[in-house]
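**Student:** The structure file query_5.txt (compact mmCIF, C-alpha atoms) is provided below.
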```
# COMPACT_ATOMS: atom_id res chain seq x y z
CA MET U 3 61.59 48.27 -14.66
CA PRO U 4 63.67 46.91 -17.52
CA GLN U 5 63.31 43.33 -18.61
CA LEU U 6 65.35 41.35 -16.09
CA ASN U 7 65.83 38.20 -18.09
CA ALA U 8 66.68 39.25 -21.62
CA VAL U 9 67.98 35.76 -22.34
CA PRO U 10 65.13 33.23 -22.18
CA MET U 11 65.45 30.68 -19.42
CA SER U 12 65.16 27.78 -21.86
CA TRP U 13 68.59 28.68 -23.25
CA TYR U 14 70.11 28.18 -19.82
CA LEU U 15 68.28 24.90 -19.39
CA ILE U 16 69.42 23.63 -22.78
CA LEU U 17 73.01 24.62 -22.00
CA SER U 18 72.69 22.89 -18.65
CA ALA U 19 71.36 19.74 -20.35
CA ILE U 20 74.23 19.70 -22.85
CA LEU U 21 76.75 20.22 -20.05
CA PHE U 22 75.19 17.42 -18.02
CA THR U 23 75.28 15.09 -21.02
CA LEU U 24 78.95 15.87 -21.56
CA GLY U 25 79.55 15.05 -17.90
CA VAL U 26 77.68 11.76 -18.26
CA ALA U 27 79.70 10.93 -21.38
CA GLY U 28 82.96 11.62 -19.56
CA PHE U 29 81.83 9.64 -16.54
CA LEU U 30 80.88 6.62 -18.62
CA PHE U 31 83.59 6.62 -21.27
CA ARG U 32 86.76 7.70 -19.52
CA ARG U 33 89.04 5.27 -17.79
CA ASN U 34 91.22 7.51 -15.68
CA ILE U 35 89.76 7.91 -12.17
CA ILE U 36 90.71 11.58 -11.98
CA THR U 37 88.94 12.39 -15.25
CA VAL U 38 85.87 10.46 -14.12
CA PHE U 39 85.91 12.57 -10.97
CA MET U 40 86.15 15.77 -13.02
CA SER U 41 83.15 14.63 -15.06
CA ILE U 42 81.17 14.41 -11.81
CA GLU U 43 82.10 18.02 -11.06
CA LEU U 44 80.89 18.91 -14.57
CA MET U 45 77.50 17.31 -13.90
CA LEU U 46 77.17 19.10 -10.55
CA ASN U 47 77.87 22.37 -12.30
CA ALA U 48 75.23 21.70 -14.92
CA VAL U 49 72.67 21.18 -12.16
CA ASN U 50 73.85 24.35 -10.39
CA LEU U 51 73.31 26.26 -13.61
CA SER U 52 69.69 25.17 -13.90
CA PHE U 53 69.09 25.88 -10.19
CA VAL U 54 70.29 29.44 -10.68
CA ALA U 55 68.27 29.80 -13.89
CA PHE U 56 65.09 28.81 -12.07
CA SER U 57 65.99 31.07 -9.15
CA HIS U 58 66.33 33.95 -11.56
CA GLN U 59 63.15 33.12 -13.41
CA LEU U 60 61.02 32.78 -10.27
CA ARG U 61 62.66 35.76 -8.56
CA GLN U 62 63.36 33.62 -5.50
CA VAL U 63 66.67 33.15 -3.80
CA ASP U 64 66.10 29.52 -2.71
CA GLY U 65 67.64 28.06 -5.86
CA GLN U 66 70.85 29.89 -5.10
CA ILE U 67 70.82 28.47 -1.56
CA PHE U 68 70.55 24.97 -3.04
CA THR U 69 73.46 25.75 -5.34
CA PHE U 70 75.40 26.85 -2.28
CA PHE U 71 74.79 23.52 -0.58
CA VAL U 72 75.67 21.61 -3.74
CA MET U 73 78.98 23.46 -3.78
CA VAL U 74 79.64 22.57 -0.13
CA VAL U 75 78.91 18.91 -0.79
CA ALA U 76 81.07 19.00 -3.93
CA ALA U 77 83.98 20.40 -1.92
CA ALA U 78 83.62 17.71 0.73
CA GLU U 79 83.33 15.07 -1.99
CA ALA U 80 86.44 16.36 -3.74
CA ALA U 81 88.49 16.25 -0.53
CA VAL U 82 87.46 12.71 0.40
CA GLY U 83 87.43 11.44 -3.18
CA LEU U 84 90.91 12.70 -3.97
CA ALA U 85 92.21 11.18 -0.72
CA ILE U 86 90.68 7.87 -1.83
CA ILE U 87 92.29 8.23 -5.27
CA LEU U 88 95.68 8.85 -3.63
CA THR U 89 95.23 5.79 -1.43
CA VAL U 90 94.18 3.63 -4.39
CA PHE U 91 97.18 4.80 -6.36
CA LYS U 92 99.52 4.13 -3.42
CA ASN U 93 98.20 0.60 -3.01
CA ARG U 94 97.76 -0.42 -6.64
CA GLN U 95 99.99 1.85 -8.75
CA THR U 96 97.17 2.30 -11.26
CA LEU U 97 94.55 4.92 -12.05
CA SER U 98 92.49 2.79 -14.41
CA ILE U 99 88.94 2.12 -13.22
CA ASP U 100 88.87 -1.18 -15.13
CA GLU U 101 91.66 -2.54 -12.96
CA VAL U 102 90.17 -1.54 -9.61
CA SER U 103 87.51 -4.24 -9.58
CA SER U 104 88.18 -6.44 -6.56
CA LEU U 105 84.55 -6.05 -5.43
CA LYS U 106 83.32 -7.56 -8.68
CA ASN U 107 83.70 -11.27 -7.95
CA MET L 1 74.04 42.55 -25.24
CA ASP L 2 72.85 39.88 -22.82
CA ALA L 3 72.54 37.39 -25.65
CA ALA L 4 76.10 38.10 -26.81
CA LEU L 5 77.41 37.62 -23.26
CA PHE L 6 75.38 34.44 -22.91
CA TYR L 7 76.84 33.02 -26.12
CA THR L 8 80.37 33.96 -25.07
CA PHE L 9 80.11 32.32 -21.65
CA ALA L 10 78.26 29.32 -23.05
CA ALA L 11 80.99 28.82 -25.66
CA ILE L 12 83.70 28.99 -22.96
CA THR L 13 81.75 26.55 -20.80
CA LEU L 14 81.15 24.03 -23.57
CA ALA L 15 84.69 24.24 -24.96
CA GLY L 16 86.09 23.66 -21.49
CA ALA L 17 83.72 20.75 -20.89
CA LEU L 18 84.66 19.17 -24.23
CA ALA L 19 88.34 19.49 -23.39
CA THR L 20 87.70 17.89 -19.99
CA VAL L 21 85.99 14.90 -21.51
CA THR L 22 88.27 14.33 -24.50
CA ARG L 23 91.84 15.32 -23.62
CA ARG L 24 94.37 12.60 -22.86
CA ASN L 25 96.55 14.42 -20.37
CA PRO L 26 94.84 14.87 -16.95
CA VAL L 27 96.40 18.33 -16.54
CA HIS L 28 94.76 19.44 -19.79
CA CYS L 29 91.48 17.97 -18.52
CA ALA L 30 91.81 19.98 -15.32
CA LEU L 31 92.56 23.18 -17.23
CA GLY L 32 89.51 22.56 -19.43
CA LEU L 33 87.39 22.07 -16.34
CA ILE L 34 88.71 25.35 -14.90
CA PHE L 35 87.62 27.16 -18.08
CA SER L 36 84.25 25.47 -17.91
CA LEU L 37 83.77 26.51 -14.28
CA LEU L 38 84.76 30.08 -15.11
CA GLY L 39 82.19 30.12 -17.91
CA VAL L 40 79.51 28.92 -15.52
CA ALA L 41 80.60 31.64 -13.07
CA GLY L 42 80.05 34.20 -15.83
CA LEU L 43 76.58 32.78 -16.45
CA PHE L 44 75.83 33.12 -12.72
CA LEU L 45 76.80 36.77 -12.91
CA LEU L 46 74.58 37.19 -15.96
CA GLN L 47 71.67 35.93 -13.85
CA ALA L 48 72.29 38.36 -10.98
CA ALA L 49 73.74 35.72 -8.65
CA GLU L 50 76.74 37.78 -7.57
CA LEU L 51 77.53 35.84 -4.42
CA LEU L 52 77.55 32.53 -6.26
CA PHE L 53 79.80 34.04 -8.91
CA ALA L 54 82.37 34.89 -6.24
CA VAL L 55 81.94 31.58 -4.41
CA GLN L 56 82.28 29.64 -7.66
CA ILE L 57 85.61 31.26 -8.44
CA LEU L 58 86.96 31.16 -4.88
CA LEU L 59 85.78 27.69 -3.94
CA TYR L 60 85.79 25.78 -7.20
CA VAL L 61 88.55 27.34 -9.25
CA GLY L 62 90.64 28.41 -6.26
CA GLY L 63 90.05 25.44 -3.99
CA VAL L 64 88.76 22.28 -5.61
CA MET L 65 90.69 22.60 -8.87
CA VAL L 66 93.96 23.39 -7.09
CA LEU L 67 93.35 20.24 -5.05
CA PHE L 68 92.84 18.30 -8.29
CA LEU L 69 96.07 19.67 -9.73
CA PHE L 70 97.97 18.80 -6.54
CA VAL L 71 96.75 15.22 -6.75
CA ILE L 72 97.64 15.02 -10.44
CA MET L 73 101.14 16.24 -9.60
CA LEU L 74 101.45 13.68 -6.79
CA ILE L 75 100.59 10.85 -9.15
CA HIS L 76 102.94 9.84 -11.93
CA LEU L 77 101.62 11.69 -14.92
CA GLU L 78 103.42 9.83 -17.71
CA GLN L 79 101.87 6.59 -16.59
CA ALA L 80 98.37 8.06 -16.53
CA ALA L 81 98.73 9.49 -20.03
CA ARG L 82 99.85 6.14 -21.42
CA LEU L 83 96.78 4.29 -20.12
CA ARG L 84 94.01 3.23 -22.43
CA GLN L 85 91.79 6.28 -22.34
CA TYR L 86 88.33 4.86 -22.76
CA SER L 87 86.65 2.25 -20.67
CA ARG L 88 85.92 -1.25 -22.00
CA GLN L 89 82.22 -0.77 -21.29
CA TRP L 90 81.75 1.62 -24.17
CA PRO L 91 78.73 -0.08 -25.86
CA VAL L 92 76.73 0.17 -22.63
CA ALA L 93 77.98 3.71 -22.13
CA LEU L 94 76.90 4.62 -25.65
CA ALA L 95 73.41 3.25 -25.01
CA ALA L 96 73.14 5.20 -21.74
CA LEU L 97 74.34 8.34 -23.44
CA PHE L 98 71.77 7.88 -26.18
CA ALA L 99 69.06 7.54 -23.52
CA VAL L 100 70.11 10.83 -21.93
CA PHE L 101 70.08 12.52 -25.34
CA LEU L 102 66.62 11.10 -26.00
CA GLU L 103 65.33 12.47 -22.69
CA ILE L 104 66.67 15.91 -23.50
CA TYR L 105 65.11 15.74 -26.98
CA VAL L 106 61.71 14.78 -25.55
CA LEU L 107 62.00 17.57 -22.99
CA ALA L 108 62.85 20.07 -25.70
CA GLN L 109 59.92 18.85 -27.84
CA SER L 110 57.31 18.91 -25.07
CA GLY L 111 58.38 22.35 -23.91
CA LEU L 112 58.47 23.70 -20.40
CA PRO L 113 55.35 23.90 -18.27
CA GLY L 114 53.98 27.36 -17.62
CA LEU L 115 55.86 29.01 -14.80
CA PRO L 116 53.95 30.67 -11.98
CA PRO L 117 54.07 34.45 -11.84
CA SER L 118 56.82 35.88 -9.72
CA PRO L 119 55.82 36.51 -6.10
CA GLN L 120 58.37 39.26 -5.55
CA PRO L 121 58.85 42.17 -7.88
CA ARG L 122 62.64 41.98 -7.98
CA LEU L 123 65.24 39.34 -7.29
CA ASN L 124 67.82 41.46 -5.55
CA ALA L 125 65.80 44.13 -3.77
CA GLY L 126 68.24 44.44 -0.87
CA GLY L 127 71.30 43.06 -2.61
CA ASN L 128 71.95 39.47 -3.58
CA THR L 129 74.34 38.69 -0.71
CA GLU L 130 71.99 40.10 1.93
CA ARG L 131 69.06 38.10 0.61
CA ILE L 132 71.06 34.88 0.54
CA ALA L 133 72.35 35.54 4.05
CA ASP L 134 68.81 36.17 5.34
CA SER L 135 67.55 33.00 3.73
CA LEU L 136 70.56 30.95 4.81
CA PHE L 137 70.57 31.97 8.46
CA TYR L 138 66.82 32.10 9.09
CA VAL L 139 65.10 29.60 6.82
CA TYR L 140 67.97 27.21 6.15
CA ALA L 141 69.84 27.45 9.46
CA LEU L 142 69.68 23.73 10.21
CA PRO L 143 70.93 22.59 6.77
CA PHE L 144 73.68 25.19 7.14
CA GLU L 145 74.83 23.62 10.40
CA ALA L 146 74.58 20.16 8.85
CA ALA L 147 76.75 21.34 5.97
CA SER L 148 79.40 22.61 8.37
CA LEU L 149 79.35 19.25 10.16
CA LEU L 150 79.70 17.51 6.79
CA LEU L 151 82.73 19.63 5.96
CA LEU L 152 84.31 18.82 9.32
CA ILE L 153 83.79 15.11 8.75
CA ALA L 154 85.21 15.42 5.23
CA ILE L 155 88.34 17.18 6.53
CA VAL L 156 88.97 14.55 9.19
CA GLY L 157 88.20 11.73 6.74
CA ALA L 158 90.51 13.12 4.05
CA VAL L 159 93.38 13.51 6.51
CA TRP L 160 92.82 10.02 7.88
CA LEU L 161 92.68 8.47 4.41
CA ALA L 162 95.75 10.24 3.09
CA ARG L 163 97.97 9.75 6.15
CA LYS L 164 101.14 7.71 5.96
CA LYS L 165 100.54 4.15 7.05
CA GLU L 166 102.92 2.82 9.68
CA GLN L 167 104.74 -0.28 8.62
CA PRO L 168 103.57 -3.34 10.60
CA GLN L 169 106.28 -4.74 12.85
```
When written as structure tokens, how does the structure in this file appear?

**Tutor:**
Amino acid sequence: MPQLNAVPMSWYLILSAILFTLGVAGFLFRRNIITVFMSIELMLNAVNLSFVAFSHQLRQVDGQIFTFFVMVVAAAEAAVGLAIILTVFKNRQTLSIDEVSSLKN
Amino acid sequence: MDAALFYTFAAITLAGALATVTRRNPVHCALGLIFSLLGVAGLFLLQAAELLFAVQILLYVGGVMVLFLFVIMLIHLEQAARLRQYSRQWPVALAALFAVFLEIYVLAQSGLPGLPPSPQPRLNAGGNTERIADSLFYVYALPFEAASLLLLIAIVGAVWLARKKEQPQ
């Protein structure tokens, strides 16, 4: 049998970590709600990548099942989240997260 | 060969992610995210997860990202591009980001724990899709049903949230 994983798993994990950090940076720094939302998708994808890397390393399919469920939840989240964004924009005419702060005080 | 493919897909993924986080125009952000998702799909394929490769492209790139683009089109773009781009909380954000970097550095320094030997000889003995289907419908049947319920609730909720409000008399 040829070597299944020619690329060491740590490479995938490091890539996943960098991707997750980029997602965190976008989530924390950006001000546009839509971009913040996209950063969340980026983080979910980073986690999916490490799930699949472990699944491949351990020769078990369960990690891919988890990825599947993460994708389902991400789709549901995108549908509801974008509907919320539309509603917020309709009511407030702004997309800036700094200005949607009526729960603060 | 595998290493070259890995570097190619990783470069696409990271370039897309960087564009998502840094670009001013939300449409450019969305396009960057699409590239990033396609790169991750390529990495899935590289790891013999063929079903996830297809689902990633169909569901994420074909479904979720089109939804994003629709919403961006529905919202006035010029106004969004003229906003201040970075949040006022940036010192706190910088500290949090540094903490995440530190965690990754410590993880990289300490190395990964030894992984247990593989219980099965091959990952895709009967085909990747068949194995996932077996696992999904036998072992994970209840979470599968819960996920379908979640999707139903999300559909109803999204329609209810985005409906036109009737003007009060």

**Student:** Would you pick out the contacts of region 84-99 of chain U at 7 Å or less, using all atoms listed in the file, so that residues sharing its chain but fewer than 2 positions from it are not included, and give the list as a list in words?

**Tutor:**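 The residues satisfying every condition are Arg33, Asn34, Ile35, Ala80, Ala81, Val82, Glu101 and Val102 of chain U; Val71, Ala80, Ala158, Leu161 and Ala162 of chain L.
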
**Student:** Would you give me, as a Markdown table, each residue of chain U having an atom within 8 Å of an atom of chain L, along with its shortest atom pair and that distance in Å to one decimal, using only C-alpha atoms and sorting by chain and residue number?

**Tutor:**
```
| residue | atom | partner | partner_atom | distance |
| --- | --- | --- | --- | --- |
| U:Asn7 | CA | L:Gln47 | CA | 7.6 |
| U:Ala8 | CA | L:Asp2 | CA | 6.3 |
| U:Val9 | CA | L:Ala3 | CA | 5.9 |
| U:Ser12 | CA | L:Leu112 | CA | 8.0 |
| U:Leu17 | CA | L:Ala10 | CA | 7.1 |
| U:Ala19 | CA | L:Ile104 | CA | 6.8 |
| U:Leu21 | CA | L:Leu14 | CA | 6.8 |
| U:Thr23 | CA | L:Val100 | CA | 6.8 |
| U:Leu24 | CA | L:Ala17 | CA | 6.9 |
| U:Gly25 | CA | L:Val21 | CA | 7.4 |
| U:Val26 | CA | L:Leu97 | CA | 7.0 |
| U:Ala27 | CA | L:Leu97 | CA | 6.3 |
| U:Gly28 | CA | L:Val21 | CA | 4.9 |
| U:Leu30 | CA | L:Ala93 | CA | 5.4 |
| U:Phe31 | CA | L:Tyr86 | CA | 5.3 |
| U:Arg32 | CA | L:Tyr86 | CA | 4.6 |
| U:Arg33 | CA | L:Ser87 | CA | 4.8 |
| U:Asn34 | CA | L:Gln85 | CA | 6.8 |
| U:Ile36 | CA | L:Pro26 | CA | 7.3 |
| U:Thr37 | CA | L:Pro26 | CA | 6.6 |
| U:Met40 | CA | L:Leu33 | CA | 7.2 |
| U:Ser41 | CA | L:Val21 | CA | 7.1 |
| U:Leu44 | CA | L:Ala17 | CA | 7.2 |
| U:Asn47 | CA | L:Leu37 | CA | 7.5 |
| U:Leu51 | CA | L:Val40 | CA | 7.0 |
| U:Val54 | CA | L:Phe44 | CA | 7.0 |
| U:Ala55 | CA | L:Gln47 | CA | 7.0 |
| U:His58 | CA | L:Gln47 | CA | 6.1 |
| U:Gln59 | CA | L:Ser118 | CA | 7.8 |
| U:Leu60 | CA | L:Ser118 | CA | 5.2 |
| U:Arg61 | CA | L:Leu123 | CA | 4.6 |
| U:Gln62 | CA | L:Leu123 | CA | 6.3 |
| U:Val63 | CA | L:Ile132 | CA | 6.4 |
| U:Asp64 | CA | L:Ser135 | CA | 7.5 |
| U:Gln66 | CA | L:Leu52 | CA | 7.3 |
| U:Ile67 | CA | L:Ile132 | CA | 6.7 |
| U:Thr69 | CA | L:Leu52 | CA | 8.0 |
| U:Phe70 | CA | L:Leu52 | CA | 7.3 |
| U:Phe71 | CA | L:Ala147 | CA | 7.2 |
| U:Met73 | CA | L:Tyr60 | CA | 8.0 |
| U:Val74 | CA | L:Ala147 | CA | 6.9 |
| U:Val75 | CA | L:Ala147 | CA | 7.5 |
| U:Ala77 | CA | L:Val64 | CA | 6.3 |
| U:Ala78 | CA | L:Ala154 | CA | 5.3 |
| U:Glu79 | CA | L:Ala154 | CA | 7.5 |
| U:Ala80 | CA | L:Val64 | CA | 6.6 |
| U:Ala81 | CA | L:Ala158 | CA | 5.9 |
| U:Val82 | CA | L:Ala158 | CA | 4.8 |
| U:Leu84 | CA | L:Val71 | CA | 6.9 |
| U:Ala85 | CA | L:Ala162 | CA | 5.3 |
| U:Ile86 | CA | L:Leu161 | CA | 6.6 |
| U:Leu88 | CA | L:Ala162 | CA | 6.9 |
| U:Thr89 | CA | L:Ala162 | CA | 6.4 |
| U:Phe91 | CA | L:Ile75 | CA | 7.5 |
| U:Thr96 | CA | L:Ala80 | CA | 7.9 |
| U:Leu97 | CA | L:Ala80 | CA | 6.7 |
| U:Ser98 | CA | L:Leu83 | CA | 7.3 |
| U:Ile99 | CA | L:Ser87 | CA | 7.8 |
| U:Asp100 | CA | L:Ser87 | CA | 6.9 |
```

**Student:** Any idea what the distance is between CA of Ala99 (chain L) and CA of Ala19 (chain L)?

**Tutor:**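 It comes out at 22.7 Å.
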
**Student:** Output as an mmCIF file, in the coordinates of the input: region 38-68 of chain L, completed with N, CA and C atoms.

**Tutor:**
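File selection.cif, as written:
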```cif
data_model
loop_
_atom_site.group_PDB
_atom_site.id
_atom_site.type_symbol
_atom_site.label_atom_id
_atom_site.label_comp_id
_atom_site.auth_asym_id
_atom_site.auth_seq_id
_atom_site.Cartn_x
_atom_site.Cartn_y
_atom_site.Cartn_z
ATOM 1 N N LEU L 38 84.761 28.623 -14.978
ATOM 2 C CA LEU L 38 84.760 30.080 -15.110
ATOM 3 C C LEU L 38 83.609 30.540 -15.995
ATOM 4 N N GLY L 39 83.324 29.777 -17.067
ATOM 5 C CA GLY L 39 82.190 30.120 -17.910
ATOM 6 C C GLY L 39 80.883 30.070 -17.151
ATOM 7 N N VAL L 40 80.731 29.031 -16.321
ATOM 8 C CA VAL L 40 79.510 28.920 -15.520
ATOM 9 C C VAL L 40 79.435 30.087 -14.529
ATOM 10 N N ALA L 41 80.585 30.490 -13.979
ATOM 11 C CA ALA L 41 80.600 31.640 -13.070
ATOM 12 C C ALA L 41 80.098 32.888 -13.802
ATOM 13 N N GLY L 42 80.535 33.071 -15.050
ATOM 14 C CA GLY L 42 80.050 34.200 -15.830
ATOM 15 C C GLY L 42 78.547 34.143 -16.041
ATOM 16 N N LEU L 43 78.028 32.923 -16.259
ATOM 17 C CA LEU L 43 76.580 32.780 -16.450
ATOM 18 C C LEU L 43 75.837 33.108 -15.149
ATOM 19 N N PHE L 44 76.441 32.738 -13.995
ATOM 20 C CA PHE L 44 75.830 33.120 -12.720
ATOM 21 C C PHE L 44 75.722 34.642 -12.617
ATOM 22 N N LEU L 45 76.801 35.314 -13.001
ATOM 23 C CA LEU L 45 76.800 36.770 -12.910
ATOM 24 C C LEU L 45 75.731 37.350 -13.838
ATOM 25 N N LEU L 46 75.570 36.733 -14.992
ATOM 26 C CA LEU L 46 74.580 37.190 -15.960
ATOM 27 C C LEU L 46 73.166 37.058 -15.395
ATOM 28 N N GLN L 47 72.989 36.151 -14.443
ATOM 29 C CA GLN L 47 71.670 35.930 -13.850
ATOM 30 C C GLN L 47 71.556 36.569 -12.471
ATOM 31 N N ALA L 48 72.372 37.558 -12.212
ATOM 32 C CA ALA L 48 72.290 38.360 -10.980
ATOM 33 C C ALA L 48 72.537 37.533 -9.734
ATOM 34 N N ALA L 49 73.374 36.489 -9.834
ATOM 35 C CA ALA L 49 73.740 35.720 -8.650
ATOM 36 C C ALA L 49 75.178 36.066 -8.286
ATOM 37 N N GLU L 50 75.368 37.281 -7.750
ATOM 38 C CA GLU L 50 76.740 37.780 -7.570
ATOM 39 C C GLU L 50 77.506 36.975 -6.547
ATOM 40 N N LEU L 51 76.822 36.578 -5.460
ATOM 41 C CA LEU L 51 77.530 35.840 -4.420
ATOM 42 C C LEU L 51 78.028 34.501 -4.958
ATOM 43 N N LEU L 52 77.143 33.833 -5.729
ATOM 44 C CA LEU L 52 77.550 32.530 -6.260
ATOM 45 C C LEU L 52 78.683 32.665 -7.254
ATOM 46 N N PHE L 53 78.693 33.764 -7.990
ATOM 47 C CA PHE L 53 79.800 34.040 -8.910
ATOM 48 C C PHE L 53 81.118 34.060 -8.146
ATOM 49 N N ALA L 54 81.135 34.809 -7.018
ATOM 50 C CA ALA L 54 82.370 34.890 -6.240
ATOM 51 C C ALA L 54 82.707 33.545 -5.613
ATOM 52 N N VAL L 55 81.676 32.860 -5.074
ATOM 53 C CA VAL L 55 81.940 31.580 -4.410
ATOM 54 C C VAL L 55 82.433 30.554 -5.426
ATOM 55 N N GLN L 56 81.857 30.591 -6.618
ATOM 56 C CA GLN L 56 82.280 29.640 -7.660
ATOM 57 C C GLN L 56 83.757 29.796 -7.956
ATOM 58 N N ILE L 57 84.203 31.050 -8.103
ATOM 59 C CA ILE L 57 85.610 31.260 -8.440
ATOM 60 C C ILE L 57 86.499 30.935 -7.254
ATOM 61 N N LEU L 58 86.105 31.388 -6.047
ATOM 62 C CA LEU L 58 86.960 31.160 -4.880
ATOM 63 C C LEU L 58 87.022 29.687 -4.538
ATOM 64 N N LEU L 59 85.831 29.048 -4.480
ATOM 65 C CA LEU L 59 85.780 27.690 -3.940
ATOM 66 C C LEU L 59 86.145 26.662 -4.995
ATOM 67 N N TYR L 60 85.551 26.798 -6.185
ATOM 68 C CA TYR L 60 85.790 25.780 -7.200
ATOM 69 C C TYR L 60 87.145 25.970 -7.867
ATOM 70 N N VAL L 61 87.319 27.137 -8.487
ATOM 71 C CA VAL L 61 88.550 27.340 -9.250
ATOM 72 C C VAL L 61 89.733 27.466 -8.301
ATOM 73 N N GLY L 62 89.534 28.180 -7.172
ATOM 74 C CA GLY L 62 90.640 28.410 -6.260
ATOM 75 C C GLY L 62 90.901 27.246 -5.333
ATOM 76 N N GLY L 63 89.872 26.500 -4.978
ATOM 77 C CA GLY L 63 90.050 25.440 -3.990
ATOM 78 C C GLY L 63 90.056 24.063 -4.608
ATOM 79 N N VAL L 64 88.908 23.658 -5.155
ATOM 80 C CA VAL L 64 88.760 22.280 -5.610
ATOM 81 C C VAL L 64 89.718 21.975 -6.753
ATOM 82 N N MET L 65 89.851 22.919 -7.706
ATOM 83 C CA MET L 65 90.690 22.600 -8.870
ATOM 84 C C MET L 65 92.162 22.586 -8.503
ATOM 85 N N VAL L 66 92.562 23.437 -7.543
ATOM 86 C CA VAL L 66 93.960 23.390 -7.090
ATOM 87 C C VAL L 66 94.228 22.046 -6.421
ATOM 88 N N LEU L 67 93.235 21.560 -5.662
ATOM 89 C CA LEU L 67 93.350 20.240 -5.050
ATOM 90 C C LEU L 67 93.536 19.157 -6.116
ATOM 91 N N PHE L 68 92.714 19.252 -7.177
ATOM 92 C CA PHE L 68 92.840 18.300 -8.290
ATOM 93 C C PHE L 68 94.247 18.343 -8.863
#
```
